[in-house]
Number of protein chains: 2
Amino acid sequence: MKFKTKKLSISTGGPLVVLVYESDATTLGIINGDRVKINDYTAIINTTDKLDVIKKGEVGLFYEMSKKGIKNNILVDIIPANKPHSVEYIVKKLNGKRLNDVEIFEIIKDIVNGQLSQIEITYFVSASYFHGLNFKEIVSLTNAMIKTGDQLNFGNEIIADKHCIGGVAGNRTTVFVVPILAAAGVKIPKTSSRSITSPAGTADTMEVLTDVSLSVEKIKSVVNKVGGCLVWGGALSLAPADDIIIKVERPVSLDPTGQLLASILSKKKSMGATHCLIDIPVGRGSKILNKKKAIILKKNFLNLAKEINLKLKVVITDGSEPIGNGIGPALEARDIFWTLRNDERRSEHLLHKGVYLAGQLLELTGKCTKGKGEVLAKELIENGKAYNKFIEIIKAQGAKITSPEKIKLGKFTQKIKSLVKGKITYIDNKTISRIAKLAGAPSDKLAGLYLHKHKFDKVEIGDDLYTIYASSKTALNDAVKYCKSNLGFEFK
Amino acid sequence: MKFKTKKLSISTGGPLVVLVYESDATTLGIINGDRVKINDYTAIINTTDKLDVIKKGEVGLFYEMSKKGIKNNILVDIIPANKPHSVEYIVKKLNGKRLNDVEIFEIIKDIVNGQLSQIEITYFVSASYFHGLNFKEIVSLTNAMIKTGDQLNFGNEIIADKHCIGGVAGNRTTVFVVPILAAAGVKIPKTSSRSITSPAGTADTMEVLTDVSLSVEKIKSVVNKVGGCLVWGGALSLAPADDIIIKVERPVSLDPTGQLLASILSKKKSMGATHCLIDIPVGRGSKILNKKKAIILKKNFLNLAKEINLKLKVVITDGSEPIGNGIGPALEARDIFWTLRNDERRSEHLLHKGVYLAGQLLELTGKCTKGKGEVLAKELIENGKAYNKFIEIIKAQGAKITSPEKIKLGKFTQKIKSLVKGKITYIDNKTISRIAKLAGAPSDKLAGLYLHKHKFDKVEIGDDLYTIYASSKTALNDAVKYCKSNLGFEFK
């Protein structure tokens with residue numbers, strides 16, 4: 001049957017979808033969700049009975065389908081087609097059966113190619129959640145995610161990478177570790193995410209200083225030139241299935257362990273990593289609440305890494321309070337400068353954790369003997385090599401700012417003072433993040449807060465606890481108002 | 001924050017959704033799937049980073065949202081809002097907890113009001129599938145489905161209804177039972193569906209003869225005048241949650257028992273039914289494959305009916321071959337005429353099953369004593385009262401055709417003959433349906449096939465098995481071609 005094409009411009013967010021009138025679908029013998037072939041592309045049919053942008057006899061092409069080069073306002077044949085085999089495999093998993101390598105690859109491939117609808121992907125996620133993925137399935141999933149995306153290849157060199165499970169405010173250790181490793185001569189092409197729910201992602205912080213949206217080619221040339229990079233991973237097509245799956249997990253905050261493991265390690269492998277360090281912060285207020293859970297997660301990571309031929313070290317760290325003093329893109333960027341150049345305004349927490357993690361990775365990559373990593377990392381800070389490397393990286397990516405003095409902060413500020421005398425027993429990551437976000441972070445890069453005190457510090461009444469920075473009076477007031485009832489600090 | 005509205009015309013198929021640019025969403029502090037308030041309506045945010053129909057600073061209103069009376073090209077405030085509580089309850093069910101009456105009502109209400117996304121509804125369906133719904137939850141679901149839709153009210157009268165689980169070709173017993181019951185003085189306002197995957201639904205068959213898209217008011221007036229109706233239920237808002245849920249079940253062919261029970265009985269109650277008969281056809285080639293499953297289903301129906309105050313009888317019938325001779329809207333309509341007026345061309349199978357079902361329902365509604373139902377039903381056929389009532393119903397709904405002689409059939413025909421001599425041991429519903437659909441049914445109402453033989457009939461080589469009717473040479477050829485390798489008959 002012939003239909004006239006009409007471009008709809010609207011994106012489906014992934015799947016190849018075309019829209020036809022319900023009565024046209026009946027004539028074709030198909031229903032909503034069935035597949036059709038148009039010009040060699042298989043698309044999912046959406047039907048409508050509404051007074052819509054398309055008329056009877058027309059086929060609406062959503063953005064992804066129109067990008068396949070099908071012209072507007074031409075006649076095309078619509079031929080009913082079979083559902084992809086991956087739908088059968090999803091049903092198989094729904095019914096509690098195990099999937100093999102080929103079946104998982106088909107599902108992931110079809111997710112990436114827009115051959116599965118969001119409803120079908122949701123069934124795959126919920127089936128994986130209910131019945132769990134066994135170890136073999138997780139290995140298959142990881143390999144499928146790698147194979148269905150771009151992969152960087154640096155030849156036979158050692159390539160380092162690191163990852164933090166997250167949930168800790170101001171935890172910018174990545175921006176610390178990369179220049180140290182690069183200064184030690186270990187290649188470290190690092191991609192990071194932008195903030196989703198936090199006041200800043202590593203990519204947001206780096207964007208204050210330099211360009212972070214680099215192509216795969218540009219990443220390779222930067223890393224080959226200066227030994228490391230700190231870029232945004234979002235625009236690259238590394239393990240793209242993961243981002244699509246996360247989209248359907250978020251509405252109900254699902255995060256099945258199997259998916260988490262595959263998601264993280266597939267991205268590392270895709271970046272060409274051979275040696276990787278994973279940091280699992282543990283404690284009240286962080287993502288992983290207790291050590292027992294962290295140890296199970298660690299074991300899972302190590303087992304999976306072995307299967308995909310990745311040398312992995314996992315460290316469990318204290319995640320019970322914010323790291324660093326600055327929270328928010330610009331404030332965190334300033335912290336990094338100060339700490340890397342060993343300024344007196346450095347963040348001792350960031351220095352300590354950064355040196356520890358860099359040391360672990362230096363040992364793992366064989367740059368020094370076991371137990372000597374932290375010494376080497378400290379040396380690279382103290383002799384200025386790490387700082388110089390950081391400036392090199394910023395410049396290679398397309399520098400905006402190369403010194404802390406040039407970083408601008410929100411011009412509306414307010415100091416939040418202690419109303420009690422005592423010892424700080426707890427600083428809540430979630431509350432601190434919330435305040436920084438109310439002040440405007442991360443979309444306002446100049447906004448956030450600066451911690452003057454940390455856990456175990458003693459305070460007197462009237463001592464500054466933190467300073468809030470905002471670019472508008474309203475945002476400052478919103479954040480200050482929130483502080484009045486949610487300080488984020490506990491005392492003894 | 002102020003955004004300029006832009007109507008998108010495209011329908012979401014239910015949920016209230018608005019579209020904004022990803023960077024605008026970040027500024028608002030929200031992500032894809034979050035909720036926002038616009039002019040007192042809560043909508044789901046979809047974000048896009050594509051060169052789309054909307055620009056930065058614009059908010060795209062999908063059809064359902066623009067129907068709320070929000071004008072095009074005006075400035076509106078977008079205020080981040082909380083997710084509805086129903087999302088929490090879906091997560092609760094995902095985690096294997098039982099839901100109470102209030103929680104299930106909230107979910108169903110939000111489904112009907114477009115407050116839940118398809119992804120969230122899919123999680124509800126899969127959670128109900130994995131963890132099952134216990135009896136209390138099924139009762140809550142049924143009541144919620146009834147309360148969130150329209151309900152017909154015929155006062156204190158006895159109102160009969162019937163339902164067939166389906167899967168049997170040419171099973172038009174409904175069109176047989178309604179006039180018999182109405183002729184006996186029992187009100188029977190019957191809604192039916194159009195075909196989804198079969199060659200004809202009851203509504204498709206009736207549409208050959210009369211108007212089937214009646215409003216609730218028109219249905220009431222028809223039923224009060226002639227005692228019964230045979231209309232399409234699809235355009236009415238009876239238990240509308242059900243249709244939305246079915247949409248997300250279809251892609252993976254899920255049909256959890258709890259949902260099935262609630263779906264059927266909520267529709268019956270919404271039509272005002274007090275007494276209802278359910279027919280479960282069982283056997284090879286039908287939906288329910290064995291008697292054991294049918295008996296469990298029967299018990300579930302009876303228990304649920306008691307809770308919602310519906311007098312119910314469930315019969316288990318033979319579903320292992322097509323009922324009636326005609327398959328396809330016009331051919332089935334002709335069968336009904338012939339059989340109801342006791343013509344010599346009547347279908348014995350249809351007569352037998354129709355009289356049986358009508359008899360059961362006459363007994364259930366107290367129109368006769370137990371064991372006398374079939375006798376009464378037969379009498380109403382033989383004295384012409386059922387036939388006259390059928391004509392009355394057709395006329396009351398807006399007659400097109402009131403005698404079998406006026407029914408047109410596809411002008412291209414081909415007789416399919418037996419190549420063997422023997423006894424017919426099996427006729428496959430699915431194959432027969434497929435052939436009728438290839439010939440053009442149901443969108444071509446004149447297409448289908450006519451069975452000359454039934455199970456247990458003896459045939460000689462060259463005997464006619466069935467005649468295919470089509471409106472085009474191509475459709476006829478498609479159907480005939482398929483017959484060559486899939487006859488649909490087995491012999492001994």
# chains A, B, ... in the order shown; residues from 1 in each chain; ligands from 1

$ residues_around --residues "Gly422 in chain B" --least-positions-apart "3" --cutoff "7 Å" --atoms "only C-alpha atoms" --output "PyMOL selection string"
chain B and resi 458-460+491-492

$ write_last_selection --atoms "N, CA and C atoms" --output "mmCIF file, in the first residue's frame"
data_model
loop_
_atom_site.group_PDB
_atom_site.id
_atom_site.type_symbol
_atom_site.label_atom_id
_atom_site.label_comp_id
_atom_site.auth_asym_id
_atom_site.auth_seq_id
_atom_site.Cartn_x
_atom_site.Cartn_y
_atom_site.Cartn_z
ATOM 1 N N LYS B 458 -17.795 -36.354 6.707
ATOM 2 C CA LYS B 458 -17.028 -37.185 5.778
ATOM 3 C C LYS B 458 -16.929 -36.466 4.445
ATOM 4 N N VAL B 459 -15.776 -36.548 3.809
ATOM 5 C CA VAL B 459 -15.613 -35.897 2.499
ATOM 6 C C VAL B 459 -15.040 -36.859 1.462
ATOM 7 N N GLU B 460 -15.426 -36.605 0.215
ATOM 8 C CA GLU B 460 -14.863 -37.325 -0.938
ATOM 9 C C GLU B 460 -13.867 -36.386 -1.623
ATOM 10 N N PHE B 491 -7.558 -34.600 8.257
ATOM 11 C CA PHE B 491 -8.464 -35.723 7.944
ATOM 12 C C PHE B 491 -7.934 -37.020 8.550
ATOM 13 N N LYS B 492 -8.845 -38.002 8.632
ATOM 14 C CA LYS B 492 -8.411 -39.330 9.059
ATOM 15 C C LYS B 492 -8.851 -40.322 7.998
#

$ interface_residues --of "chain B" --to "chain A" --cutoff "7 Å" --atoms "only C-alpha atoms" --output "VMD selection string"
chain B and resid 9 to 11 26 to 27 33 50 52 to 53 91 118 to 120 122 to 123 126 248 251 to 252 443

$ write_last_selection --atoms "N, CA and C atoms" --output "PDB file, in the first residue's frame"
ATOM      1  N   SER B   9       0.183  19.100  17.998  1.00  0.00           N
ATOM      2  CA  SER B   9      -0.831  18.283  17.304  1.00  0.00           C
ATOM      3  C   SER B   9      -0.676  16.780  17.544  1.00  0.00           C
ATOM      4  N   ILE B  10       0.553  16.290  17.614  1.00  0.00           N
ATOM      5  CA  ILE B  10       0.766  14.855  17.804  1.00  0.00           C
ATOM      6  C   ILE B  10       0.177  14.402  19.138  1.00  0.00           C
ATOM      7  N   SER B  11      -0.501  13.252  19.095  1.00  0.00           N
ATOM      8  CA  SER B  11      -1.092  12.686  20.297  1.00  0.00           C
ATOM      9  C   SER B  11      -0.102  11.727  20.960  1.00  0.00           C
ATOM     10  N   THR B  26      17.388  21.581  32.363  1.00  0.00           N
ATOM     11  CA  THR B  26      18.463  21.689  33.359  1.00  0.00           C
ATOM     12  C   THR B  26      18.294  22.975  34.168  1.00  0.00           C
ATOM     13  N   THR B  27      17.984  24.049  33.467  1.00  0.00           N
ATOM     14  CA  THR B  27      17.778  25.330  34.161  1.00  0.00           C
ATOM     15  C   THR B  27      16.615  25.218  35.148  1.00  0.00           C
ATOM     16  N   GLY B  33      10.861  12.965  32.148  1.00  0.00           N
ATOM     17  CA  GLY B  33      10.013  12.116  32.977  1.00  0.00           C
ATOM     18  C   GLY B  33       9.534  12.783  34.253  1.00  0.00           C
ATOM     19  N   LYS B  50      17.351  17.495  20.119  1.00  0.00           N
ATOM     20  CA  LYS B  50      17.361  17.429  18.645  1.00  0.00           C
ATOM     21  C   LYS B  50      16.852  18.731  18.030  1.00  0.00           C
ATOM     22  N   ASP B  52      14.438  20.209  16.596  1.00  0.00           N
ATOM     23  CA  ASP B  52      13.066  19.746  16.678  1.00  0.00           C
ATOM     24  C   ASP B  52      12.094  20.844  16.274  1.00  0.00           C
ATOM     25  N   VAL B  53      10.815  20.583  16.425  1.00  0.00           N
ATOM     26  CA  VAL B  53       9.838  21.628  16.118  1.00  0.00           C
ATOM     27  C   VAL B  53       9.828  22.743  17.156  1.00  0.00           C
ATOM     28  N   VAL B  91       6.320   1.604  42.332  1.00  0.00           N
ATOM     29  CA  VAL B  91       7.621   1.144  42.845  1.00  0.00           C
ATOM     30  C   VAL B  91       7.409   0.134  43.972  1.00  0.00           C
ATOM     31  N   GLN B 118       3.807   6.018  29.614  1.00  0.00           N
ATOM     32  CA  GLN B 118       3.726   4.621  29.165  1.00  0.00           C
ATOM     33  C   GLN B 118       4.780   3.763  29.853  1.00  0.00           C
ATOM     34  N   ILE B 119       5.951   4.349  30.119  1.00  0.00           N
ATOM     35  CA  ILE B 119       7.007   3.599  30.819  1.00  0.00           C
ATOM     36  C   ILE B 119       6.531   3.222  32.216  1.00  0.00           C
ATOM     37  N   GLU B 120       5.920   4.163  32.919  1.00  0.00           N
ATOM     38  CA  GLU B 120       5.438   3.883  34.283  1.00  0.00           C
ATOM     39  C   GLU B 120       4.314   2.850  34.265  1.00  0.00           C
ATOM     40  N   THR B 122       3.932   0.556  32.038  1.00  0.00           N
ATOM     41  CA  THR B 122       4.579  -0.727  31.727  1.00  0.00           C
ATOM     42  C   THR B 122       5.167  -1.353  32.994  1.00  0.00           C
ATOM     43  N   TYR B 123       5.769  -0.539  33.855  1.00  0.00           N
ATOM     44  CA  TYR B 123       6.289  -1.080  35.120  1.00  0.00           C
ATOM     45  C   TYR B 123       5.160  -1.630  35.986  1.00  0.00           C
ATOM     46  N   SER B 126       4.186  -4.977  34.442  1.00  0.00           N
ATOM     47  CA  SER B 126       5.155  -6.059  34.654  1.00  0.00           C
ATOM     48  C   SER B 126       5.240  -6.438  36.123  1.00  0.00           C
ATOM     49  N   VAL B 248      -0.117  -1.305  26.469  1.00  0.00           N
ATOM     50  CA  VAL B 248       1.276  -1.613  26.842  1.00  0.00           C
ATOM     51  C   VAL B 248       1.487  -3.116  27.033  1.00  0.00           C
ATOM     52  N   PRO B 251       2.536  -5.310  23.041  1.00  0.00           N
ATOM     53  CA  PRO B 251       3.824  -5.523  22.369  1.00  0.00           C
ATOM     54  C   PRO B 251       4.525  -6.824  22.774  1.00  0.00           C
ATOM     55  N   VAL B 252       4.288  -7.297  23.999  1.00  0.00           N
ATOM     56  CA  VAL B 252       4.917  -8.562  24.392  1.00  0.00           C
ATOM     57  C   VAL B 252       3.864  -9.630  24.708  1.00  0.00           C
ATOM     58  N   SER B 443     -11.352  -5.240   7.285  1.00  0.00           N
ATOM     59  CA  SER B 443     -11.518  -3.878   6.766  1.00  0.00           C
ATOM     60  C   SER B 443     -12.356  -3.910   5.488  1.00  0.00           C
TER      61      SER B 443
END

$ residues_around --residues "Asn73 in chain A" --least-positions-apart "6" --cutoff "7 Å" --atoms "only C-alpha atoms" --output "list in words"
Lys4, Thr5 and Lys6 of chain A

$ write_last_selection --atoms "C-alpha atoms" --output "short mmCIF file (atom, residue, chain, number, x, y, z; two decimals), in the first residue's frame"
data_model
loop_
_atom_site.label_atom_id
_atom_site.label_comp_id
_atom_site.auth_asym_id
_atom_site.auth_seq_id
_atom_site.Cartn_x
_atom_site.Cartn_y
_atom_site.Cartn_z
CA LYS A 4 2.40 9.94 1.36
CA THR A 5 5.27 10.85 3.70
CA LYS A 6 5.08 13.71 6.15
#

$ atom_distance --atom1 "CA of Glu106 in chain B" --atom2 "CA of Val17 in chain B"
19.0 Å

$ select_by_dssp --residues "range 108-256 of chain B" --states "helix (DSSP H, G or I)" --output "JSON, numbers by chain"
{"B": [108, 109, 110, 111, 112, 118, 119, 120, 121, 122, 123, 124, 125, 126, 127, 128, 129, 130, 131, 135, 136, 137, 138, 139, 140, 141, 142, 143, 144, 145, 146, 147, 174, 175, 176, 177, 178, 179, 180, 181, 182, 183, 202, 203, 204, 205, 206, 207, 216, 217, 218, 219, 220, 221, 222, 223, 224, 225, 226, 240, 241, 242, 243, 244, 245, 246, 247, 248, 249, 250, 251, 252]}

$ select_by_dssp --residues "range 270-475 of chain A" --states "strand (DSSP E or B)" --output "ChimeraX atom specification"
/A:275-282,288,311-318,326-327,412-417,422-427,448-451,458-459,464-470

$ atom_distance --atom1 "CA of Leu265 in chain A" --atom2 "CA of Ala386 in chain A"
26.7 Å

$ closest_residue --among "A:Lys484, A:Asp457, A:Leu340, A:Val208" --to "Gly384 in chain A" --atoms "only C-alpha atoms"
A:Leu340

$ residues_around --residues "Val282 in chain B" --least-positions-apart "4" --cutoff "6 Å" --atoms "only C-alpha atoms" --output "count of residues only"
5

$ closest_residue --among "A:Lys190, A:Lys7, A:Lys97, A:Lys136" --to "Ile70 in chain A" --atoms "only C-alpha atoms"
A:Lys7

$ atom_distance --atom1 "CA of Ser237 in chain B" --atom2 "CA of Gly166 in chain B"
22.1 Å

$ residues_around --residues "Asn325 in chain B" --least-positions-apart "5" --cutoff "9 Å" --atoms "only C-alpha atoms" --output "VMD selection string"
chain B and resid 170 331 to 332 335 346 to 350 449 to 454 466

$ residues_around --residues "range 177-184 of chain B" --least-positions-apart "3" --cutoff "10 Å" --atoms "only C-alpha atoms" --output "PyMOL selection string"
chain B and resi 160-162+172-174+187-190+223+226-230+340+353-359+361-362+365+367-368+376-381+384-393

$ residues_around --residues "Val18 in chain A" --least-positions-apart "3" --cutoff "6 Å" --atoms "only C-alpha atoms" --output "list in words"
Ile45, Gly60, Leu61 and Phe62 of chain A

$ closest_residue --among "B:Lys372, B:Lys430, B:His352, B:Lys306" --to "Val139 in chain B" --atoms "only C-alpha atoms"
B:Lys306
